[in-house]
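Step one of this worksheet: look at the structure below.
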Amino acid sequence: MKPGSESDFVTEALPAFISEAEEQIEMLEQLLLQLEDAPEDAALLNALFRCAHTIKGSAGIFGLDRVVAFTHHVETLLSKLREGRVKLTPDMSTLLLRCNDQVLALIAQAKGAREDDAESMSARGELVLLLQAASGAPPAAAPLAVATASNQRCWHVSAAFGADTFRNGMDPLTILNYVRGLGDVPRMVCDVDAIPPLERLDPESCRLSFEFGLLTEAQQDQIEGAFSFVRDDCQLGVMPPAPSAAAEVSPVLSDTVGVAPAVVEAALKKPVRTQQASPPREAAASGSADDQRFIRVQAHRLDDVINLLGELVIAGAGASLLARQTKQRKLVEANAQISRLIEEIRNGTFNCAWCPSARPFRAFAAWCATPQPS
Amino acid sequence: VGELHPQWLDWLTRSTQAGCDEARVDAHAVDQVDAAGLQLLVALQRSLAERGVRLHLHAPSATLLEAGAALGLLDRLGSPAPHTPEGALP
């Protein structure tokens, strides 16, 4: 085959992926609408998950990393919905529909071989935080376990969001909700004095800054990671925990905010839910890449290869015959060697269970969707 | 928030002229709110306070309460009152 045929192949197969993905997204949308009437329908939730899983899987095959990375977060939430660990709310439906639009946009990027743009990146960032908040939030009714105090430590975090935060499409509320998901926030204090009265307020400038304690098992980089999308213009201070949680927060809150020590103590002593901190994003991404090592090939491409092999066998046989007629031993031997290799390729290839379906794409998608042993 | 700001300013001027000392904000229909919206609400509260007017959130929706709590703003925005007279915000 001629050099560069691999990229030709991707170019040729990409439209098939795109149309399939667009179908899946349409289906996802339909399912979400159906789920509005039956938010706990297991079959629908299952189908919803499979759609996202299929999109992620196919995108992985084509190396569309942005689609994979983003869809991974959608899939995480859908998997929790499917397992009944999270209940589908109308807000979540809206969020998932917005995510759908993002996936479509990403696929459109792939279609036009366009680079990522800042706007789309920040939109995705926000959605990812929302998705994580949605899937990370523990069920409200769950009994609160007493903290496994050994691992949970209390950090003091101060965050002054930059004036352009809103204009950049970021929402401090989303970020703080995500941080809350890392553990427990006994007390959140907003510096309201920094917010001017209505007459002097530029409504699109962010004037919000916060101080809070965070009881969590998460590490410093995980806490800071929550702010990664606003990092450039956010003054962030993450103070490492003191050995005792109460020792850390009490003076801070009492001194700076005037909270009575008793209040702080009461807040700290209330049961703290144990919660697994979200795994680092990198680990999740690499894990997802590992289970995507498949090659998806269009049927007609396979047919072409088989036809070519057939012709190669015939041409090889012809060459062998001519070589024998020349009675040159070395030429005959060389040709015999070539014939053996062709034979090997042919046998090897036909031994693979090639799917005769006209749409192996769909078959593969269904296969992807069935749970694989880990 | 870009659209709300002038509307609220206008309302602020009119209601202060009317001379009431308590402003009721009907917040039952808030189904989505972001930090920018809460910031605007705090700014309104500050402006009202400068005029000696108290802000009352009337029947705030769960969404608004949750967001307010998440940003540590509930105390500032006043405890929700079941009924308060005059000056309802459209």
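Order determines the names: the first chain of the structure tokens is A, the second B, and so forth; residues in each chain are numbered 1 upward, and ligands are numbered 1 upward as they are shown.
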Can you pull out every residue within 6 Å of His56 in chain B, counting only C-alpha atoms, but drop anything in the same chain fewer than 3 positions away, and send it as a compact mmCIF listing (two decimals) with N, CA, C and O atoms, in the first residue's frame?
# COMPACT_ATOMS: atom_id res chain seq x y z
N ALA B 23 -38.52 46.21 51.46
CA ALA B 23 -38.70 45.81 50.07
C ALA B 23 -38.87 44.30 49.99
O ALA B 23 -38.07 43.55 50.55
N ARG B 24 -39.90 43.89 49.32
CA ARG B 24 -40.13 42.46 49.21
C ARG B 24 -39.70 41.99 47.83
O ARG B 24 -40.10 42.56 46.82
N VAL B 25 -38.88 40.99 47.81
CA VAL B 25 -38.47 40.42 46.54
C VAL B 25 -39.12 39.04 46.42
O VAL B 25 -38.85 38.15 47.22
As a compact mmCIF listing (two decimals) with N, CA and C atoms, in the first residue's frame, could you give me every residue of chain B near chain A (at most 12 Å apart, counting only C-alpha atoms)?
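Result written to result01.txt:
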# COMPACT_ATOMS: atom_id res chain seq x y z
N VAL B 1 -27.71 39.14 33.89
CA VAL B 1 -27.53 40.23 34.85
C VAL B 1 -27.40 41.57 34.16
N GLY B 2 -26.90 41.54 32.94
CA GLY B 2 -26.76 42.79 32.19
C GLY B 2 -28.09 43.48 31.98
N GLU B 3 -29.14 42.67 31.78
CA GLU B 3 -30.47 43.25 31.55
C GLU B 3 -31.16 43.60 32.86
N LEU B 4 -30.94 42.76 33.85
CA LEU B 4 -31.62 42.96 35.13
C LEU B 4 -31.15 44.23 35.82
N HIS B 5 -29.86 44.51 35.70
CA HIS B 5 -29.27 45.62 36.44
C HIS B 5 -30.02 46.94 36.24
N PRO B 6 -30.21 47.38 34.97
CA PRO B 6 -30.95 48.63 34.79
C PRO B 6 -32.39 48.53 35.29
N GLN B 7 -33.01 47.37 35.11
CA GLN B 7 -34.39 47.20 35.59
C GLN B 7 -34.47 47.40 37.10
N TRP B 8 -33.53 46.78 37.79
CA TRP B 8 -33.54 46.85 39.25
C TRP B 8 -33.22 48.27 39.71
N LEU B 9 -32.30 48.93 39.01
CA LEU B 9 -31.95 50.30 39.36
C LEU B 9 -33.17 51.19 39.25
N ASP B 10 -33.90 50.99 38.17
CA ASP B 10 -35.10 51.77 37.91
C ASP B 10 -36.11 51.54 39.03
N TRP B 11 -36.27 50.28 39.37
CA TRP B 11 -37.22 49.90 40.41
C TRP B 11 -36.81 50.49 41.76
N LEU B 12 -35.48 50.49 41.97
CA LEU B 12 -34.92 51.01 43.22
C LEU B 12 -35.28 52.48 43.38
N THR B 13 -35.10 53.24 42.29
CA THR B 13 -35.40 54.66 42.33
C THR B 13 -36.88 54.88 42.62
N ASP B 31 -35.63 29.63 39.22
CA ASP B 31 -35.31 28.21 39.01
C ASP B 31 -33.87 28.02 38.58
N GLN B 32 -33.18 29.11 38.35
CA GLN B 32 -31.76 29.02 38.01
C GLN B 32 -31.10 30.29 38.51
N VAL B 33 -29.97 30.13 39.13
CA VAL B 33 -29.27 31.33 39.58
C VAL B 33 -27.78 31.06 39.52
N ASP B 34 -27.02 32.09 39.19
CA ASP B 34 -25.57 31.92 39.22
C ASP B 34 -24.97 32.95 40.17
N ALA B 35 -23.66 32.89 40.31
CA ALA B 35 -23.02 33.78 41.26
C ALA B 35 -23.22 35.23 40.88
N ALA B 36 -23.29 35.51 39.58
CA ALA B 36 -23.49 36.89 39.14
C ALA B 36 -24.85 37.39 39.61
N GLY B 37 -25.85 36.52 39.56
CA GLY B 37 -27.19 36.90 40.01
C GLY B 37 -27.21 37.17 41.51
N LEU B 38 -26.51 36.33 42.26
CA LEU B 38 -26.48 36.53 43.71
C LEU B 38 -25.73 37.79 44.06
N GLN B 39 -24.67 38.08 43.29
CA GLN B 39 -23.92 39.30 43.52
C GLN B 39 -24.83 40.51 43.31
N LEU B 40 -25.66 40.43 42.28
CA LEU B 40 -26.58 41.53 41.98
C LEU B 40 -27.57 41.71 43.14
N LEU B 41 -28.02 40.60 43.69
CA LEU B 41 -28.96 40.63 44.79
C LEU B 41 -28.34 41.28 46.03
N VAL B 42 -27.08 40.94 46.28
CA VAL B 42 -26.38 41.54 47.42
C VAL B 42 -26.22 43.04 47.20
N ALA B 43 -25.91 43.42 45.94
CA ALA B 43 -25.75 44.84 45.63
C ALA B 43 -27.07 45.58 45.87
N LEU B 44 -28.17 44.95 45.48
CA LEU B 44 -29.49 45.55 45.71
C LEU B 44 -29.73 45.73 47.20
N GLN B 45 -29.38 44.69 47.95
CA GLN B 45 -29.57 44.75 49.40
C GLN B 45 -28.77 45.92 49.99
N ARG B 46 -27.56 46.11 49.48
CA ARG B 46 -26.71 47.19 49.99
C ARG B 46 -27.32 48.55 49.68
N SER B 47 -27.80 48.69 48.45
CA SER B 47 -28.40 49.97 48.05
C SER B 47 -29.62 50.26 48.90
N LEU B 48 -30.41 49.22 49.14
CA LEU B 48 -31.61 49.41 49.95
C LEU B 48 -31.22 49.81 51.37
N ALA B 49 -30.18 49.13 51.88
CA ALA B 49 -29.76 49.40 53.25
C ALA B 49 -29.30 50.85 53.39
N GLU B 50 -28.63 51.36 52.35
CA GLU B 50 -28.18 52.76 52.39
C GLU B 50 -29.37 53.72 52.51
N ARG B 51 -30.52 53.28 52.02
CA ARG B 51 -31.71 54.11 52.08
C ARG B 51 -32.58 53.74 53.27
N THR B 63 -33.80 26.42 44.91
CA THR B 63 -32.59 26.68 44.12
C THR B 63 -31.85 27.90 44.66
N LEU B 64 -32.63 28.95 44.92
CA LEU B 64 -32.03 30.20 45.38
C LEU B 64 -31.43 30.02 46.78
N GLU B 66 -30.38 27.27 48.18
CA GLU B 66 -29.21 26.41 48.09
C GLU B 66 -27.99 27.22 47.63
N ALA B 67 -28.21 27.99 46.55
CA ALA B 67 -27.10 28.78 46.00
C ALA B 67 -26.64 29.82 47.01
N GLY B 68 -27.60 30.44 47.70
CA GLY B 68 -27.26 31.42 48.71
C GLY B 68 -26.43 30.80 49.82
N ALA B 69 -26.83 29.61 50.23
CA ALA B 69 -26.09 28.92 51.29
C ALA B 69 -24.69 28.54 50.81
N ALA B 70 -24.61 28.10 49.55
CA ALA B 70 -23.32 27.66 49.01
C ALA B 70 -22.32 28.82 48.99
N LEU B 71 -22.82 30.02 48.80
CA LEU B 71 -21.91 31.18 48.75
C LEU B 71 -21.85 31.90 50.09
N GLY B 72 -22.48 31.34 51.11
CA GLY B 72 -22.43 31.96 52.43
C GLY B 72 -23.14 33.31 52.47
N LEU B 73 -24.23 33.44 51.71
CA LEU B 73 -24.89 34.74 51.59
C LEU B 73 -26.27 34.77 52.23
N LEU B 74 -26.70 33.65 52.81
CA LEU B 74 -28.07 33.60 53.30
C LEU B 74 -28.32 34.63 54.40
N ASP B 75 -27.37 34.76 55.33
CA ASP B 75 -27.56 35.72 56.42
C ASP B 75 -27.72 37.13 55.85
N ARG B 76 -26.89 37.40 54.88
CA ARG B 76 -26.87 38.73 54.30
C ARG B 76 -28.18 39.07 53.60
N LEU B 77 -28.75 38.09 52.97
CA LEU B 77 -29.95 38.34 52.19
C LEU B 77 -31.21 38.28 53.06
Original post:
If you run DSSP on this backbone, which residues of range 52-170 of chain A come out as strand (DSSP E), and could you give them as a list in words?
Top reply: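 Residues meeting the strand (DSSP E) criterion: Arg153, Cys154, Trp155, His156, Val157, Ser158, Ala159, Ala160 and Phe161 of chain A.
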File dump, residues just selected, C-alpha atoms, as a PDB file, in the first residue's frame:
ATOM      1  CA  ARG A 153      -8.034  17.224  57.319  1.00  0.00           C
ATOM      2  CA  CYS A 154      -9.264  20.739  57.503  1.00  0.00           C
ATOM      3  CA  TRP A 155      -7.868  23.199  55.024  1.00  0.00           C
ATOM      4  CA  HIS A 156      -8.413  26.886  55.023  1.00  0.00           C
ATOM      5  CA  VAL A 157      -9.143  28.234  51.595  1.00  0.00           C
ATOM      6  CA  SER A 158      -9.460  31.821  50.477  1.00  0.00           C
ATOM      7  CA  ALA A 159     -10.481  32.609  46.930  1.00  0.00           C
ATOM      8  CA  ALA A 160     -10.901  36.056  45.445  1.00  0.00           C
ATOM      9  CA  PHE A 161     -12.351  35.661  41.980  1.00  0.00           C
TER      10      PHE A 161
END
Tell me, as a PDB file with N, CA and C atoms, in the first residue's frame, which residues lie within 6 Å of Ala27 in chain B, counting only C-alpha atoms; anything in the same chain fewer than 5 positions away does not count.
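Contents of selection35.pdb, as written:
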ATOM      1  N   HIS B  58     -39.025  36.995  49.507  1.00  0.00           N
ATOM      2  CA  HIS B  58     -40.309  36.356  49.761  1.00  0.00           C
ATOM      3  C   HIS B  58     -40.344  34.980  49.106  1.00  0.00           C
ATOM      4  N   ALA B  59     -40.621  33.970  49.917  1.00  0.00           N
ATOM      5  CA  ALA B  59     -40.771  32.595  49.429  1.00  0.00           C
ATOM      6  C   ALA B  59     -39.683  32.194  48.441  1.00  0.00           C
ATOM      7  N   PRO B  60     -38.432  32.329  48.840  1.00  0.00           N
ATOM      8  CA  PRO B  60     -37.360  31.984  47.891  1.00  0.00           C
ATOM      9  C   PRO B  60     -37.421  30.507  47.509  1.00  0.00           C
TER      10      PRO B  60
END
Subject >> All residues 12 Å or closer to Asn46 in chain A, only C-alpha atoms, same chain fewer than 3 positions away omitted, as a ChimeraX atom specification >> reply: /A:28,31-32,35,39-43,49-53,75,78-84,369-371
**OP:** Quote the spacing between CA of Leu127 in chain A and CA of Leu95 in chain A in Å to one decimal place.
**Re:**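 Straight-line distance from CA of Leu127 in chain A to CA of Leu95 in chain A works out to 7.5 Å.
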Subject >> Selected residue, from A:Leu312, A:Leu77, A:Leu322, A:Ala110, that lies nearest to Ile338 in chain A when counting only C-alpha atoms >> reply: A:Leu312
**OP:** Take CA of Ala62 in chain B and CA of Asp26 in chain B and report the distance between them in Å, one decimal.
**Re:**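 If I compute the distance from CA of Ala62 in chain B to CA of Asp26 in chain B, I get 13.1 Å.
With CA of Gly112 in chain A on one side and CA of Pro15 in chain A on the other, the separation reads 10.8 Å.
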**OP:** List every residue of chain B that DSSP, applied to the backbone of this structure, assigns to helix (DSSP H, G or I), and report them as number ranges by chain.
**Re:** B: 4-18, 35-50, 62-70
